[in-house]
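What follows is one structure encoded as structure tokens, with my remarks underneath.
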Amino acid sequence: MRRIVSPGSFDPVTNGHLDIIGRAARIYDEVVVAVLINISKRSLFTVDERVGMLREATADYPNVRVAKFHGLIVDFCRVNEISAIIKGLRAVSDFEYEMQMAQMNYSLAGIETLFMTTNPLYSFLRSSLVKEIAQYGGDVSSLVPANVAQRLRERLSEP
Ligand code: PNS
């Protein structure tokens with residue numbers, strides 16, 4: 001089975017992430033979306049909440065599976081028999097860091113990284129901006145799936 005992983009923080013998943021995941025799912029037999037467990041990074045949603053939102057948002061893709069992981073992505077790949085990582089590139093500014101990670105992951109374990117150019121509709125989109133806009137009452141309904149927009153409203157209205 002040809003399997004690829006889409007790793008990230010997904011705090012929360014955006015339409016830009018979903019665009020890459022959906023396009024990868026048309027090319028590969030299975031896409032594993034892997035949510036990083038990173039206790040040192042402050043997040044708006046817990047890992048399990050992020051996994052839940054991703055599962056709802058990808059429910060229409062039969063060959064997309066959502067998991068969480070900690071440690072190195074190359075170890076997750078080895079355990080799950082995954083040979084490649086898929087990453088979306090929004091702009092040239094993404095490239096330098098992504099290239100370093102790609103080369104490091106290849107040198108660590110021979111894991112390939114494939115880059116997919118983001119749909120131009122989403123080239124400005126990142127989770128941190130979505131959170132900031134939502135925090136100040138801006139409309140994010142065109143930027144994230146409906147379930148995420150709802151969860152953002154609920155989370156940000158909590159005292
Ligand atoms: O959504 P993000 O936060 O940009 O995703 C970054 C992520 C999770 C893809 C990256 O930090 C990662 O792969 N972390 C796992 C730890 C690891 O393997 N580090 C070495 C990378 S060369």
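Ligands are numbered from 1 in the order shown, chains are lettered A, B, ... in the order of the structure tokens, and residues start at 1 in each chain.
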
- Within-10 Å residues of ligand 1, basis only C-alpha atoms and all ligand atoms, as number ranges by chain: A: 5-13, 17, 34-38, 41, 69-77, 85-87, 94, 97-108, 126-128

- Message: So that I can check the secondary structure, give me every residue of segment 90-146 of chain A assigned strand (DSSP E or B) by backbone DSSP, as a PyMOL selection string.
- Response: chain A and resi 112-117

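Of the residues listed (A:Ser123, A:Val66, A:Arg153, A:Thr117), A:Arg153 shows the shortest atom-to-atom separation from Tyr136 of chain A; distances use only C-alpha atoms.
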
- Item | Those in chain A with alpha helix (DSSP H) from DSSP, as a count of residues only | 70
